[in-house]
Amino acid sequence: MKNLNNMNKSTKKNMVTYGIVLAMFIFCVVYTTTGMASHLFRGLLVPVCVNVILAISLNLTVGILGELSLGHAGFMCVGAFVGSVFSMAAEETITSVWIRFPLAFLVGGASAAVIGLLVGVPVLRLRGDYLAIVTLAFGEIIKNIVNNIYLATDVNGIHFAIGVESYNNITFDAATKRVYINGAMGITETPNDSNYFVGFALIFITLIVILNLVHSRTGRAIMAIRDNRIAAESVGINITKYKLIAFVISAFFAGVAGVLYGHNLSSLVATKFDYNYSILILVFVVLGGIGSMRGSIIAAVILTALPELLRGLSDYRMLMYAIILIVMMLVNNNETLQMYTQKWFGGLNIKKLFTAAGSKKKGVS
Amino acid sequence: MNFLSYLISGISLGSVYALIALGYTMVYGIAKMLNFAHGDVIMIGGFVVFTAISSSLTSPAVAIICGIVVCTLLGVVIEKIAYKPLRNATPLAVLITAIGVSYLLQNVALLVFGSASKNFPNIFKWCPDWHVTEGLTVSGVTIITIAVTMVIMIGLTLFIHFTKPGTAMQAVSEDRGAAQLMGVNVNTTISLTFAIGSALAAVASVLLCSAYPLLNPYTGAMPGIKAFVAAVFGGIGSIPGAMIGGILLGVIENLSKAYISSQLSDAIVFAVLIIILSLKPTGILGKKISEKV
C-alpha cells in the first residue's frame, strides 16, 4: 500500500489503463479456453486488437500532438503490405515463427515510420483542416499506388511494376515464378500467424511506449506545442522536431497494427485501407475522449464489437450503428442533453463512462 | 484535337465537382464545420430523381424539382437534428457526427434501394451532340452540365453579394458573434446555407448521374471527397475558390487519366493538391490567417 501511495497521479492512471487491458486479456483467455466462446467471438479478437493499437497510435497524433490526421489507414496499409511480403519471403529462410513474426512487425512498422517521416515533413507545415485534408490525400495516394503494385520473383530476380500494362510486359520464367503482390488482387499467401496473444502483447508494448512518451520530457514538449504553438516556440522548443517525433511514432504503430491485420486473414487488398477506415479510427479516438488512451481502448473495443453484437438486427445493424454513433456524440457534447442525463441517471454520468475520468478536455481547438 | 475533347470533358466533370464543393465551402465558411454527409446528400438526390423518373408518372423536369426539394429539406433537417445541438462543441465532435449522418444516409439508401447499381436514365437526350470540327464532338450532357453550372455560379454570386440573406451569410461567416449583435438571425442563416448547399447537391447529382449513369448507395462518397479536396484546393470558405478548385480538379483528373495513367489518376490528383498546398498553405484563393500572440 505504501508503494501505491508513493506513486504519482499519472502512474496510477496508467496502472488503471494497463489493468483494463490485462482484465480484457484474462477474460478472453478464460472465455475461449472454457469453450464458451462462439466462432464469431474468436474471429473478432484480432480485429479488436488491431483497432485498439490503431486508436492508441492515432490518439498520439490527434490527442497529444493536437493535429487532425485522416490518413492513418495509409500507414497501416504500408505496414500490412511490407510485413506480409517480408513474411512470405522469409518463410523458408527463417522457419521459426518466433523470430520471423517479430521481425515482420519491426520491418512493417519501420517502413510505415519512414513513410510517416516522408509525409510528415511537408504535411506538418500546414494547419488545421488543411493538414487534415493533406493527410487524407496521402492516405488515398498510398492506397492508390499499392493497389497498382505488382511484385513477383523468378530465377532472374525480383520484378516490380506499377500498373497492369507494365506488369504484362515482363516475361517470367514460368517454373520459378512466385507472385507476391498482384495489383488490385493484393496478397493472398500471407501466413496466418496472428492470434490474440500476439495482439494483446502488442497492445501492451504500444501502451508502454506511448504512455511513457507522453509523460516524458518529449511528451511534455509535444503537449506544449498542442496547447500553444507560439508560446512553445518562444521557450525554445523545436516545433518541427517534436511534431515529427509524434507523427513518426504514431505511423510506426499504425504499421505494426497493419502487420497484425495482414497476418490475420489470408487475403489482403489495398482498397480496404481507404479513408473510411481512417475515419473509423478517428471515431474511436474522438468517442473515447481525445487524449485519453483508456477511452480510445474502450471505444475501439465497443465499436468493433458493436456491428457483430447487432447482428441479430440483420439488415438494420449498420443503420443502428450510425444512429448509436450520432446519439452518443449528441449526448456527449450537448450541454442541455447532458443536464437531462444527469438528472435521470443521477450519479451515472454517461460522459464519464465513455471519456474515462482522466481525459484531457483540451483537445484540438 | 484529342486534347481539346479531354479538356472539355474535364471542365464538365470539374463543374460537377465545383457544384458539390460549393456546398462544402459555404457550410464551412458559415458553420465552421466539415459536412462529411454532403456526398451522401448527392446520392439521395440521385435516387429521388431516379425513382421519380422510373415511376413514369412525372416528366424529368418535375423529377428534378422533386430531387431538389427533397435534398433541400434533407439538408435542413440534418442540420436541425444533428448539427444544431452541437453548435458550441469542438469541431471534431461535429465532424464525427457528420460521419455518423453519412453512414446513416448510406444505410437508409441501402435498405430502401438495395445494393445493386441502378442504371440512371439519360434525361438530357433532347440536347443534341455538338460536332465542332472533324473528330471533336461535345456531348449534350457536357454542354448542359457546363451551362447549368455557369448559370448557378453567376446566380449564387449575385445572391451572396446583392441580397439581404446573402449579405447576412457573408456577415455570419466573417464573425458570427458580431453578426448576431447586428441583428442577423444566425440560426436561420445557417439553415439557409444548408438548404442552398443541399439544393446544389441535388443539381449536381442529376448532372453527375447523367454523365456516369451508375447509381448505388456509395455513389456519392468519392465525388464528395473529391469535391471536398476541390474546396480545400481553392481555399476552403471561399466561393470563387470552390469554383476554380472544382474545375481545375476535374481537368487535372481527366488529363492525367488520358495521358499518364488511368489507374493512378486519383493519386495524381491528390499529389497535385499536396504540391499546391505546400506552396500556398491556404489554397489558391484562401485568406492568409494572421496569428495573434
# chains A, B, ... in the order shown; residues from 1 in each chain; ligands from 1
$ residues_around --residues "Asn192 in chain A" --least-positions-apart "2" --cutoff "9 Å" --atoms "only C-alpha atoms" --output "ChimeraX atom specification"
/A:189-190,194-195,262-266
$ interface_residues --of "chain B" --to "chain A" --cutoff "9 Å" --atoms "only C-alpha atoms" --output "number ranges by chain"
B: 34, 82-83, 85-94, 96-108, 111, 228-229, 232, 236, 261, 263-271, 273-274, 277-278, 281-283, 293
$ write_last_selection --atoms "C-alpha atoms" --output "PDB file, in the first residue's frame"
ATOM      1  CA  LEU B  34     -16.752  19.882 -42.414  1.00  0.00           C
ATOM      2  CA  ALA B  82     -27.638  16.544 -35.813  1.00  0.00           C
ATOM      3  CA  TYR B  83     -25.564  19.714 -36.054  1.00  0.00           C
ATOM      4  CA  PRO B  85     -27.273  20.796 -30.792  1.00  0.00           C
ATOM      5  CA  LEU B  86     -23.500  20.796 -31.261  1.00  0.00           C
ATOM      6  CA  ARG B  87     -23.107  24.470 -32.125  1.00  0.00           C
ATOM      7  CA  ASN B  88     -20.755  25.022 -29.182  1.00  0.00           C
ATOM      8  CA  ALA B  89     -18.998  21.647 -29.228  1.00  0.00           C
ATOM      9  CA  THR B  90     -15.484  21.053 -30.562  1.00  0.00           C
ATOM     10  CA  PRO B  91     -15.176  20.911 -34.360  1.00  0.00           C
ATOM     11  CA  LEU B  92     -14.051  17.284 -34.104  1.00  0.00           C
ATOM     12  CA  ALA B  93     -17.252  16.239 -32.339  1.00  0.00           C
ATOM     13  CA  VAL B  94     -19.260  17.819 -35.137  1.00  0.00           C
ATOM     14  CA  ILE B  96     -17.739  12.689 -36.175  1.00  0.00           C
ATOM     15  CA  THR B  97     -21.462  13.425 -36.039  1.00  0.00           C
ATOM     16  CA  ALA B  98     -21.323  14.325 -39.726  1.00  0.00           C
ATOM     17  CA  ILE B  99     -19.647  10.987 -40.389  1.00  0.00           C
ATOM     18  CA  GLY B 100     -22.442   9.309 -38.445  1.00  0.00           C
ATOM     19  CA  VAL B 101     -25.019  11.072 -40.598  1.00  0.00           C
ATOM     20  CA  SER B 102     -23.110   9.944 -43.676  1.00  0.00           C
ATOM     21  CA  TYR B 103     -23.274   6.288 -42.535  1.00  0.00           C
ATOM     22  CA  LEU B 104     -26.949   6.748 -41.716  1.00  0.00           C
ATOM     23  CA  LEU B 105     -27.831   8.071 -45.169  1.00  0.00           C
ATOM     24  CA  GLN B 106     -25.836   5.316 -46.879  1.00  0.00           C
ATOM     25  CA  ASN B 107     -27.532   2.606 -44.864  1.00  0.00           C
ATOM     26  CA  VAL B 108     -31.009   4.026 -45.294  1.00  0.00           C
ATOM     27  CA  LEU B 111     -32.221  -0.658 -47.080  1.00  0.00           C
ATOM     28  CA  PHE B 228     -14.027  18.382 -50.616  1.00  0.00           C
ATOM     29  CA  VAL B 229     -10.472  18.290 -51.942  1.00  0.00           C
ATOM     30  CA  VAL B 232      -9.632  22.974 -49.995  1.00  0.00           C
ATOM     31  CA  ILE B 236     -11.986  26.486 -48.109  1.00  0.00           C
ATOM     32  CA  SER B 261      -2.304   6.510 -66.238  1.00  0.00           C
ATOM     33  CA  GLN B 263      -5.361   3.716 -62.638  1.00  0.00           C
ATOM     34  CA  LEU B 264      -3.176   6.255 -60.922  1.00  0.00           C
ATOM     35  CA  SER B 265      -5.309   9.297 -61.729  1.00  0.00           C
ATOM     36  CA  ASP B 266      -6.586   9.598 -58.163  1.00  0.00           C
ATOM     37  CA  ALA B 267      -3.044   9.527 -56.811  1.00  0.00           C
ATOM     38  CA  ILE B 268      -2.032  12.225 -59.291  1.00  0.00           C
ATOM     39  CA  VAL B 269      -4.985  14.439 -58.353  1.00  0.00           C
ATOM     40  CA  PHE B 270      -4.117  14.197 -54.670  1.00  0.00           C
ATOM     41  CA  ALA B 271      -0.403  14.702 -55.357  1.00  0.00           C
ATOM     42  CA  LEU B 273      -3.243  19.039 -54.216  1.00  0.00           C
ATOM     43  CA  ILE B 274      -0.336  18.388 -51.873  1.00  0.00           C
ATOM     44  CA  LEU B 277      -0.887  23.267 -50.558  1.00  0.00           C
ATOM     45  CA  SER B 278       2.826  23.124 -49.774  1.00  0.00           C
ATOM     46  CA  PRO B 281      -0.788  26.603 -47.493  1.00  0.00           C
ATOM     47  CA  THR B 282      -4.322  28.061 -47.529  1.00  0.00           C
ATOM     48  CA  GLY B 283      -5.311  27.095 -51.053  1.00  0.00           C
ATOM     49  CA  VAL B 293       0.306  36.027 -29.960  1.00  0.00           C
TER      50      VAL B 293
END
$ select_by_dssp --residues "range 116-323 of chain A" --states "alpha helix (DSSP H)" --output "JSON, numbers by chain"
{"A": [116, 117, 118, 119, 120, 121, 122, 123, 128, 129, 130, 131, 132, 133, 134, 135, 136, 137, 138, 139, 140, 141, 142, 143, 144, 145, 146, 164, 165, 166, 167, 168, 169, 196, 197, 198, 199, 200, 201, 202, 203, 204, 205, 206, 207, 208, 209, 210, 211, 212, 213, 214, 217, 218, 219, 220, 221, 222, 223, 224, 225, 226, 227, 229, 230, 231, 232, 233, 234, 239, 240, 241, 242, 243, 244, 245, 246, 247, 248, 249, 250, 251, 252, 253, 254, 255, 256, 257, 258, 259, 260, 261, 262, 275, 276, 277, 278, 279, 280, 281, 282, 283, 284, 285, 286, 287, 288, 293, 294, 295, 296, 297, 298, 299, 300, 301, 302, 303, 304, 305, 306, 307, 308, 309, 317, 318, 319, 320, 321, 322, 323]}
$ residues_around --residues "Phe197 in chain A" --least-positions-apart "6" --cutoff "10 Å" --atoms "only C-alpha atoms" --output "list in words"
Phe25, Cys28, Val29, Leu45, Val46, Cys49 and Ile203 of chain A
$ write_last_selection --atoms "all heavy atoms" --output "PDB file, in the first residue's frame"
ATOM      1  N   PHE A  25      -7.697  -9.189 -21.397  1.00  0.00           N
ATOM      2  CA  PHE A  25      -6.918 -10.342 -21.848  1.00  0.00           C
ATOM      3  C   PHE A  25      -7.306 -11.594 -21.068  1.00  0.00           C
ATOM      4  O   PHE A  25      -7.572 -12.656 -21.640  1.00  0.00           O
ATOM      5  CB  PHE A  25      -5.430 -10.036 -21.687  1.00  0.00           C
ATOM      6  CG  PHE A  25      -4.536 -11.191 -22.033  1.00  0.00           C
ATOM      7  CD1 PHE A  25      -4.490 -11.669 -23.336  1.00  0.00           C
ATOM      8  CD2 PHE A  25      -3.760 -11.796 -21.065  1.00  0.00           C
ATOM      9  CE1 PHE A  25      -3.674 -12.724 -23.664  1.00  0.00           C
ATOM     10  CE2 PHE A  25      -2.940 -12.860 -21.392  1.00  0.00           C
ATOM     11  CZ  PHE A  25      -2.901 -13.325 -22.692  1.00  0.00           C
ATOM     12  N   CYS A  28     -10.586 -12.885 -22.115  1.00  0.00           N
ATOM     13  CA  CYS A  28     -10.522 -13.586 -23.400  1.00  0.00           C
ATOM     14  C   CYS A  28      -9.961 -14.987 -23.227  1.00  0.00           C
ATOM     15  O   CYS A  28     -10.476 -15.951 -23.797  1.00  0.00           O
ATOM     16  CB  CYS A  28      -9.651 -12.820 -24.393  1.00  0.00           C
ATOM     17  SG  CYS A  28     -10.402 -11.309 -24.938  1.00  0.00           S
ATOM     18  N   VAL A  29      -8.882 -15.100 -22.417  1.00  0.00           N
ATOM     19  CA  VAL A  29      -8.267 -16.410 -22.217  1.00  0.00           C
ATOM     20  C   VAL A  29      -9.269 -17.358 -21.561  1.00  0.00           C
ATOM     21  O   VAL A  29      -9.494 -18.483 -22.035  1.00  0.00           O
ATOM     22  CB  VAL A  29      -6.997 -16.284 -21.340  1.00  0.00           C
ATOM     23  CG1 VAL A  29      -6.478 -17.662 -20.966  1.00  0.00           C
ATOM     24  CG2 VAL A  29      -5.937 -15.496 -22.066  1.00  0.00           C
ATOM     25  N   LEU A  45     -11.469 -11.270 -32.109  1.00  0.00           N
ATOM     26  CA  LEU A  45     -10.407 -10.878 -31.181  1.00  0.00           C
ATOM     27  C   LEU A  45      -9.270 -10.115 -31.847  1.00  0.00           C
ATOM     28  O   LEU A  45      -8.867  -9.053 -31.380  1.00  0.00           O
ATOM     29  CB  LEU A  45      -9.865 -12.126 -30.470  1.00  0.00           C
ATOM     30  CG  LEU A  45     -10.805 -12.681 -29.406  1.00  0.00           C
ATOM     31  CD1 LEU A  45     -10.306 -14.008 -28.894  1.00  0.00           C
ATOM     32  CD2 LEU A  45     -10.936 -11.691 -28.268  1.00  0.00           C
ATOM     33  N   VAL A  46      -8.761 -10.652 -32.965  1.00  0.00           N
ATOM     34  CA  VAL A  46      -7.624  -9.981 -33.598  1.00  0.00           C
ATOM     35  C   VAL A  46      -8.030  -8.618 -34.177  1.00  0.00           C
ATOM     36  O   VAL A  46      -7.326  -7.629 -33.942  1.00  0.00           O
ATOM     37  CB  VAL A  46      -6.964 -10.902 -34.651  1.00  0.00           C
ATOM     38  CG1 VAL A  46      -5.883 -10.161 -35.399  1.00  0.00           C
ATOM     39  CG2 VAL A  46      -6.376 -12.116 -33.959  1.00  0.00           C
ATOM     40  N   CYS A  49      -7.952  -6.169 -31.431  1.00  0.00           N
ATOM     41  CA  CYS A  49      -6.577  -5.790 -31.069  1.00  0.00           C
ATOM     42  C   CYS A  49      -6.021  -4.793 -32.075  1.00  0.00           C
ATOM     43  O   CYS A  49      -5.406  -3.788 -31.709  1.00  0.00           O
ATOM     44  CB  CYS A  49      -5.669  -7.014 -31.018  1.00  0.00           C
ATOM     45  SG  CYS A  49      -6.057  -8.109 -29.660  1.00  0.00           S
ATOM     46  N   ILE A 203      -0.574  -4.654 -27.912  1.00  0.00           N
ATOM     47  CA  ILE A 203      -1.290  -3.558 -27.254  1.00  0.00           C
ATOM     48  C   ILE A 203      -0.480  -3.066 -26.067  1.00  0.00           C
ATOM     49  O   ILE A 203      -0.298  -1.865 -25.869  1.00  0.00           O
ATOM     50  CB  ILE A 203      -2.690  -4.014 -26.786  1.00  0.00           C
ATOM     51  CG1 ILE A 203      -3.589  -4.298 -27.972  1.00  0.00           C
ATOM     52  CG2 ILE A 203      -3.336  -2.935 -25.905  1.00  0.00           C
ATOM     53  CD1 ILE A 203      -4.959  -4.808 -27.595  1.00  0.00           C
TER      54      ILE A 203
END
$ atom_distance --atom1 "CA of Tyr242 in chain A" --atom2 "CA of Ile56 in chain A"
18.2 Å
$ residues_around --residues "Phe253 in chain A" --least-positions-apart "4" --cutoff "10 Å" --atoms "only C-alpha atoms" --output "ChimeraX atom specification"
/A:53-58,75-76,79,105-106,108-110,112-113,202-203,205-206,209-210,248-249,257-259
$ atom_distance --atom1 "CA of Gly186 in chain A" --atom2 "CA of Leu268 in chain A"
5.5 Å
$ atom_distance --atom1 "CA of Asn187 in chain B" --atom2 "CA of Lys84 in chain B"
8.4 Å
$ residues_around --residues "Gly45 in chain B" --least-positions-apart "4" --cutoff "8 Å" --atoms "only C-alpha atoms" --output "ChimeraX atom specification"
/B:41,49,67-68,70-71,201-202,205-206
$ write_last_selection --atoms "N, CA, C and O atoms" --output "mmCIF file, in the first residue's frame"
data_model
loop_
_atom_site.group_PDB
_atom_site.id
_atom_site.type_symbol
_atom_site.label_atom_id
_atom_site.label_comp_id
_atom_site.auth_asym_id
_atom_site.auth_seq_id
_atom_site.Cartn_x
_atom_site.Cartn_y
_atom_site.Cartn_z
ATOM 1 N N VAL B 41 -25.795 13.259 -49.502
ATOM 2 C CA VAL B 41 -26.978 14.009 -49.923
ATOM 3 C C VAL B 41 -27.092 13.927 -51.449
ATOM 4 O O VAL B 41 -28.195 13.765 -52.002
ATOM 5 N N VAL B 49 -34.510 11.385 -57.783
ATOM 6 C CA VAL B 49 -34.774 11.695 -59.194
ATOM 7 C C VAL B 49 -34.986 10.397 -59.978
ATOM 8 O O VAL B 49 -35.920 10.276 -60.776
ATOM 9 N N GLY B 67 -36.291 16.156 -56.656
ATOM 10 C CA GLY B 67 -34.973 15.892 -56.088
ATOM 11 C C GLY B 67 -34.457 17.095 -55.324
ATOM 12 O O GLY B 67 -33.959 16.970 -54.206
ATOM 13 N N ILE B 68 -34.600 18.274 -55.937
ATOM 14 C CA ILE B 68 -34.082 19.485 -55.292
ATOM 15 C C ILE B 68 -34.829 19.745 -53.986
ATOM 16 O O ILE B 68 -34.218 20.031 -52.949
ATOM 17 N N VAL B 70 -36.510 17.577 -52.065
ATOM 18 C CA VAL B 70 -36.175 16.577 -51.039
ATOM 19 C C VAL B 70 -34.801 16.851 -50.445
ATOM 20 O O VAL B 70 -34.623 16.836 -49.222
ATOM 21 N N CYS B 71 -33.827 17.128 -51.290
ATOM 22 C CA CYS B 71 -32.468 17.363 -50.795
ATOM 23 C C CYS B 71 -32.415 18.603 -49.909
ATOM 24 O O CYS B 71 -31.750 18.606 -48.874
ATOM 25 N N ALA B 201 -26.389 20.276 -54.328
ATOM 26 C CA ALA B 201 -26.011 18.865 -54.378
ATOM 27 C C ALA B 201 -27.004 18.088 -55.223
ATOM 28 O O ALA B 201 -26.619 17.185 -55.978
ATOM 29 N N ALA B 202 -28.308 18.425 -55.129
ATOM 30 C CA ALA B 202 -29.314 17.730 -55.930
ATOM 31 C C ALA B 202 -29.077 17.971 -57.411
ATOM 32 O O ALA B 202 -29.125 17.036 -58.230
ATOM 33 N N SER B 205 -26.192 16.007 -58.460
ATOM 34 C CA SER B 205 -26.463 14.570 -58.571
ATOM 35 C C SER B 205 -27.061 14.246 -59.932
ATOM 36 O O SER B 205 -26.706 13.233 -60.546
ATOM 37 N N VAL B 206 -27.973 15.096 -60.421
ATOM 38 C CA VAL B 206 -28.572 14.835 -61.733
ATOM 39 C C VAL B 206 -27.505 14.892 -62.822
ATOM 40 O O VAL B 206 -27.408 14.014 -63.686
#
$ residues_around --residues "range 207-223 of chain B" --least-positions-apart "6" --cutoff "6 Å" --atoms "only C-alpha atoms" --output "list in words"
Gly39, Asp40, Ile42, Met43, Gln106, Ala109, Leu110, Ser117, Lys118, Asn119, Phe120 and Asn122 of chain B
$ closest_residue --among "A:Pro191, A:Gly183, A:Gly19, A:Gly66" --to "Ala161 in chain A" --atoms "only C-alpha atoms"
A:Gly183
$ residues_around --residues "range 218-226 of chain A" --least-positions-apart "5" --cutoff "8 Å" --atoms "only C-alpha atoms" --output "PyMOL selection string"
chain A and resi 64-67+213+231-233+237+239+242-243+246+364
$ write_last_selection --atoms "N, CA, C and O atoms" --output "mmCIF file, in the first residue's frame"
data_model
loop_
_atom_site.group_PDB
_atom_site.id
_atom_site.type_symbol
_atom_site.label_atom_id
_atom_site.label_comp_id
_atom_site.auth_asym_id
_atom_site.auth_seq_id
_atom_site.Cartn_x
_atom_site.Cartn_y
_atom_site.Cartn_z
ATOM 1 N N ILE A 64 -2.523 14.113 -28.363
ATOM 2 C CA ILE A 64 -1.329 14.642 -27.702
ATOM 3 C C ILE A 64 -0.676 15.730 -28.554
ATOM 4 O O ILE A 64 -0.329 16.799 -28.079
ATOM 5 N N LEU A 65 -0.546 15.457 -29.861
ATOM 6 C CA LEU A 65 0.047 16.455 -30.748
ATOM 7 C C LEU A 65 -0.982 17.502 -31.155
ATOM 8 O O LEU A 65 -0.640 18.641 -31.471
ATOM 9 N N GLY A 66 -2.265 17.105 -31.155
ATOM 10 C CA GLY A 66 -3.317 18.063 -31.474
ATOM 11 C C GLY A 66 -3.478 18.350 -32.951
ATOM 12 O O GLY A 66 -3.959 19.404 -33.331
ATOM 13 N N GLU A 67 -3.058 17.424 -33.816
ATOM 14 C CA GLU A 67 -3.267 17.626 -35.248
ATOM 15 C C GLU A 67 -4.209 16.543 -35.768
ATOM 16 O O GLU A 67 -4.061 15.376 -35.442
ATOM 17 N N LEU A 213 6.102 7.884 -23.371
ATOM 18 C CA LEU A 213 6.455 9.045 -24.188
ATOM 19 C C LEU A 213 5.692 10.281 -23.712
ATOM 20 O O LEU A 213 6.258 11.352 -23.526
ATOM 21 N N ALA A 231 3.835 30.038 -27.949
ATOM 22 C CA ALA A 231 4.487 30.087 -26.641
ATOM 23 C C ALA A 231 5.563 29.014 -26.551
ATOM 24 O O ALA A 231 6.656 29.253 -26.030
ATOM 25 N N ALA A 232 5.248 27.812 -27.085
ATOM 26 C CA ALA A 232 6.218 26.721 -27.030
ATOM 27 C C ALA A 232 7.468 27.085 -27.813
ATOM 28 O O ALA A 232 8.593 26.848 -27.370
ATOM 29 N N GLU A 233 7.243 27.687 -28.993
ATOM 30 C CA GLU A 233 8.377 28.061 -29.826
ATOM 31 C C GLU A 233 9.243 29.103 -29.111
ATOM 32 O O GLU A 233 10.464 29.061 -29.172
ATOM 33 N N ILE A 237 11.334 25.366 -27.803
ATOM 34 C CA ILE A 237 11.017 24.006 -28.220
ATOM 35 C C ILE A 237 11.087 23.929 -29.743
ATOM 36 O O ILE A 237 10.513 24.775 -30.437
ATOM 37 N N ILE A 239 9.766 22.974 -32.809
ATOM 38 C CA ILE A 239 8.426 22.537 -33.205
ATOM 39 C C ILE A 239 8.487 21.374 -34.185
ATOM 40 O O ILE A 239 7.869 20.327 -33.970
ATOM 41 N N TYR A 242 9.682 17.930 -32.666
ATOM 42 C CA TYR A 242 8.765 17.218 -31.776
ATOM 43 C C TYR A 242 7.499 16.778 -32.501
ATOM 44 O O TYR A 242 6.945 15.714 -32.230
ATOM 45 N N LYS A 243 7.037 17.611 -33.447
ATOM 46 C CA LYS A 243 5.883 17.200 -34.234
ATOM 47 C C LYS A 243 6.205 15.927 -35.008
ATOM 48 O O LYS A 243 5.421 14.984 -35.053
ATOM 49 N N ALA A 246 6.297 12.741 -32.795
ATOM 50 C CA ALA A 246 4.965 12.207 -32.503
ATOM 51 C C ALA A 246 4.366 11.539 -33.736
ATOM 52 O O ALA A 246 3.813 10.434 -33.667
ATOM 53 N N VAL A 364 -8.252 19.308 -29.631
ATOM 54 C CA VAL A 364 -7.946 20.105 -30.807
ATOM 55 C C VAL A 364 -8.812 21.349 -30.769
ATOM 56 O O VAL A 364 -10.013 21.260 -30.576
#
$ decode --residues "range 320-332 of chain A" --atoms "N, CA, C and O atoms" --output "JSON list (two decimals), in the first residue's frame"
[["chain", "number", "residue", "atom", "x", "y", "z"],
["A", 320, "MET", "N", -28.40, 0.93, -37.21],
["A", 320, "MET", "CA", -28.36, 1.14, -35.77],
["A", 320, "MET", "C", -27.01, 1.70, -35.35],
["A", 320, "MET", "O", -26.92, 2.59, -34.50],
["A", 321, "TYR", "N", -25.96, 1.16, -35.96],
["A", 321, "TYR", "CA", -24.59, 1.62, -35.66],
["A", 321, "TYR", "C", -24.49, 3.13, -35.89],
["A", 321, "TYR", "O", -24.01, 3.87, -35.03],
["A", 322, "ALA", "N", -25.00, 3.57, -37.05],
["A", 322, "ALA", "CA", -24.95, 5.00, -37.37],
["A", 322, "ALA", "C", -25.75, 5.81, -36.35],
["A", 322, "ALA", "O", -25.28, 6.85, -35.86],
["A", 323, "ILE", "N", -26.94, 5.30, -36.00],
["A", 323, "ILE", "CA", -27.78, 6.05, -35.07],
["A", 323, "ILE", "C", -27.12, 6.12, -33.69],
["A", 323, "ILE", "O", -27.07, 7.18, -33.07],
["A", 324, "ILE", "N", -26.55, 4.99, -33.25],
["A", 324, "ILE", "CA", -25.86, 4.99, -31.95],
["A", 324, "ILE", "C", -24.72, 5.99, -31.95],
["A", 324, "ILE", "O", -24.52, 6.74, -30.99],
["A", 325, "LEU", "N", -23.99, 6.02, -33.05],
["A", 325, "LEU", "CA", -22.86, 6.96, -33.15],
["A", 325, "LEU", "C", -23.34, 8.40, -33.01],
["A", 325, "LEU", "O", -22.79, 9.18, -32.23],
["A", 326, "ILE", "N", -24.40, 8.74, -33.75],
["A", 326, "ILE", "CA", -24.90, 10.13, -33.69],
["A", 326, "ILE", "C", -25.41, 10.45, -32.29],
["A", 326, "ILE", "O", -25.07, 11.48, -31.71],
["A", 327, "VAL", "N", -26.20, 9.52, -31.73],
["A", 327, "VAL", "CA", -26.78, 9.78, -30.41],
["A", 327, "VAL", "C", -25.69, 9.93, -29.36],
["A", 327, "VAL", "O", -25.73, 10.84, -28.53],
["A", 328, "MET", "N", -24.66, 9.06, -29.43],
["A", 328, "MET", "CA", -23.55, 9.16, -28.47],
["A", 328, "MET", "C", -22.89, 10.52, -28.57],
["A", 328, "MET", "O", -22.57, 11.14, -27.56],
["A", 329, "MET", "N", -22.65, 10.98, -29.79],
["A", 329, "MET", "CA", -22.00, 12.27, -29.96],
["A", 329, "MET", "C", -22.88, 13.39, -29.41],
["A", 329, "MET", "O", -22.41, 14.30, -28.75],
["A", 330, "LEU", "N", -24.19, 13.29, -29.67],
["A", 330, "LEU", "CA", -25.10, 14.34, -29.19],
["A", 330, "LEU", "C", -25.14, 14.34, -27.67],
["A", 330, "LEU", "O", -25.05, 15.38, -27.03],
["A", 331, "VAL", "N", -25.27, 13.14, -27.09],
["A", 331, "VAL", "CA", -25.38, 13.06, -25.63],
["A", 331, "VAL", "C", -24.08, 13.54, -24.98],
["A", 331, "VAL", "O", -24.10, 14.23, -23.97],
["A", 332, "ASN", "N", -22.95, 13.20, -25.60],
["A", 332, "ASN", "CA", -21.66, 13.55, -25.01],
["A", 332, "ASN", "C", -21.34, 15.03, -25.10],
["A", 332, "ASN", "O", -20.58, 15.55, -24.31]]
